[in-house]
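Asks: One file: protein-v3.pdb (PDB, C-alpha atoms, pLDDT in the B column).
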MODEL        1
ATOM      1  CA  MET P 292       0.000   0.000   0.000  1.00 69.00           C
ATOM      2  CA  LEU P 293       2.859   2.329   0.821  1.00 63.00           C
ATOM      3  CA  GLY P 294       4.390   1.630  -2.585  1.00 71.00           C
ATOM      4  CA  LEU P 295       1.251   2.915  -4.268  1.00 67.00           C
ATOM      5  CA  LEU P 296       0.893   6.008  -2.095  1.00 66.00           C
ATOM      6  CA  LEU P 297       4.528   7.120  -2.155  1.00 69.00           C
ATOM      7  CA  PRO P 298       4.544   8.420  -5.780  1.00 71.00           C
ATOM      8  CA  VAL P 299       1.250  10.237  -5.193  1.00 68.00           C
ATOM      9  CA  TRP P 300       2.561  11.779  -1.989  1.00 65.00           C
ATOM     10  CA  HIS P 301       5.701  12.929  -3.806  1.00 65.00           C
ATOM     11  CA  ALA P 302       3.627  14.531  -6.566  1.00 64.00           C
ATOM     12  CA  VAL P 303       1.402  16.348  -4.079  1.00 63.00           C
ATOM     13  CA  ALA P 304       4.443  17.668  -2.238  1.00 61.00           C
ATOM     14  CA  GLN P 305       5.647  19.448  -5.387  1.00 58.00           C
ATOM     15  CA  PRO P 306       4.776  23.164  -5.539  1.00 57.00           C
ATOM     16  CA  ALA P 307       2.093  23.888  -8.130  1.00 55.00           C
ATOM     17  CA  ALA P 308       3.767  27.084  -9.353  1.00 57.00           C
ATOM     18  CA  ASN P 309       6.853  25.177 -10.509  1.00 60.00           C
ATOM     19  CA  ALA P 310       6.279  25.341 -14.278  1.00 60.00           C
ATOM     20  CA  PRO P 311       8.581  23.403 -16.624  1.00 65.00           C
ATOM     21  CA  GLU P 312      11.320  25.758 -17.699  1.00 74.00           C
ATOM     22  CA  MET P 313      12.145  23.829 -20.860  1.00 72.00           C
ATOM     23  CA  ALA P 314       8.690  24.422 -22.343  1.00 73.00           C
ATOM     24  CA  ASP P 315       8.914  28.142 -21.612  1.00 78.00           C
ATOM     25  CA  THR P 316      12.354  28.365 -23.190  1.00 80.00           C
ATOM     26  CA  LEU P 317      11.259  26.469 -26.295  1.00 78.00           C
ATOM     27  CA  ARG P 318       8.166  28.649 -26.589  1.00 80.00           C
ATOM     28  CA  GLN P 319      10.193  31.863 -26.273  1.00 84.00           C
ATOM     29  CA  ASP P 320      12.712  30.715 -28.886  1.00 84.00           C
ATOM     30  CA  GLY P 321       9.959  29.580 -31.250  1.00 83.00           C
ATOM     31  CA  LYS P 322      11.357  26.047 -31.270  1.00 86.00           C
ATOM     32  CA  ILE P 323       8.213  24.559 -29.753  1.00 85.00           C
ATOM     33  CA  TYR P 324       6.758  24.515 -33.262  1.00 89.00           C
ATOM     34  CA  VAL P 325       9.688  22.390 -34.428  1.00 91.00           C
ATOM     35  CA  VAL P 326       9.032  19.930 -31.612  1.00 89.00           C
ATOM     36  CA  VAL P 327       5.330  19.790 -32.463  1.00 91.00           C
ATOM     37  CA  ALA P 328       6.130  19.349 -36.173  1.00 94.00           C
ATOM     38  CA  VAL P 329       8.549  16.479 -35.484  1.00 95.00           C
ATOM     39  CA  ILE P 330       5.995  14.740 -33.267  1.00 96.00           C
ATOM     40  CA  ALA P 331       3.326  15.203 -35.953  1.00 97.00           C
ATOM     41  CA  VAL P 332       5.603  13.748 -38.651  1.00 97.00           C
ATOM     42  CA  VAL P 333       6.468  10.736 -36.491  1.00 97.00           C
ATOM     43  CA  LEU P 334       2.803  10.079 -35.709  1.00 97.00           C
ATOM     44  CA  ALA P 335       1.843  10.483 -39.377  1.00 97.00           C
ATOM     45  CA  GLY P 336       4.577   8.005 -40.328  1.00 97.00           C
ATOM     46  CA  LEU P 337       3.317   5.496 -37.784  1.00 98.00           C
ATOM     47  CA  LEU P 338      -0.227   5.915 -39.058  1.00 98.00           C
ATOM     48  CA  ALA P 339       0.882   5.401 -42.664  1.00 98.00           C
ATOM     49  CA  TYR P 340       2.826   2.285 -41.657  1.00 98.00           C
ATOM     50  CA  LEU P 341      -0.168   0.846 -39.822  1.00 98.00           C
ATOM     51  CA  VAL P 342      -2.466   1.500 -42.785  1.00 98.00           C
ATOM     52  CA  SER P 343      -0.062  -0.192 -45.193  1.00 98.00           C
ATOM     53  CA  LEU P 344       0.368  -3.114 -42.801  1.00 98.00           C
ATOM     54  CA  ASP P 345      -3.405  -3.467 -42.509  1.00 98.00           C
ATOM     55  CA  ARG P 346      -3.756  -3.547 -46.295  1.00 98.00           C
ATOM     56  CA  LYS P 347      -1.080  -6.225 -46.601  1.00 98.00           C
ATOM     57  CA  LEU P 348      -2.690  -8.333 -43.889  1.00 97.00           C
ATOM     58  CA  THR P 349      -6.111  -7.988 -45.494  1.00 97.00           C
ATOM     59  CA  ARG P 350      -4.693  -9.125 -48.827  1.00 96.00           C
ATOM     60  CA  LEU P 351      -2.954 -12.113 -47.209  1.00 96.00           C
ATOM     61  CA  GLU P 352      -6.128 -13.073 -45.336  1.00 96.00           C
ATOM     62  CA  LYS P 353      -8.073 -13.050 -48.617  1.00 95.00           C
ATOM     63  CA  GLU P 354      -5.403 -15.243 -50.245  1.00 94.00           C
ATOM     64  CA  VAL P 355      -5.540 -17.769 -47.417  1.00 94.00           C
ATOM     65  CA  HIS P 356      -9.320 -17.745 -47.397  1.00 92.00           C
ATOM     66  CA  ASN P 357      -9.537 -18.374 -51.177  1.00 89.00           C
ATOM     67  CA  ARG P 358      -7.269 -21.445 -51.108  1.00 83.00           C
TER      68      ARG P 358
ENDMDL
END
Just dump the structure as structure tokens.

Replies:
Amino acid sequence: MLGLLLPVWHAVAQPAANAPEMADTLRQDGKIYVVVAVIAVVLAGLLAYLVSLDRKLTRLEKEVHNR
């Protein structure tokens, strides 16, 4: 039980006004848009890969079913 409560207790003990400095710095420099763009490209690539994989699997399932 203590193992489950310890991380929560640690998070509650943190001051709420402690904002992440890295995000502020990236936002001020305008680099946050680069980070968002890279994340979007990676997610779009994963989506494209999953769609192509689904098409290949569908085709293989049809081949196996028709035999």

Asks: If you take every atom of range 337-355 of chain P that the file lists and fit an axis-aligned box around them with 8 Å extra on each side, what centre and edge lengths come out in Å to one decimal, as AutoDock Vina command-line options?

Replies:
--center_x -2.4 --center_y -5.9 --center_z -44.0 --size_x 27.4 --size_y 39.7 --size_z 28.5

Asks: Could you tell me how far CA of Arg350 in chain P lies from CA of Leu338 in chain P, in Å and to one decimal?

Replies: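 Separating CA of Arg350 in chain P from CA of Leu338 in chain P is a distance of 18.5 Å.
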
Asks: For CA of Ile330 in chain P and CA of Val342 in chain P, determine how far apart the two atoms are, in Å to one decimal place.

Replies: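 Interatomic distance here is 18.4 Å.
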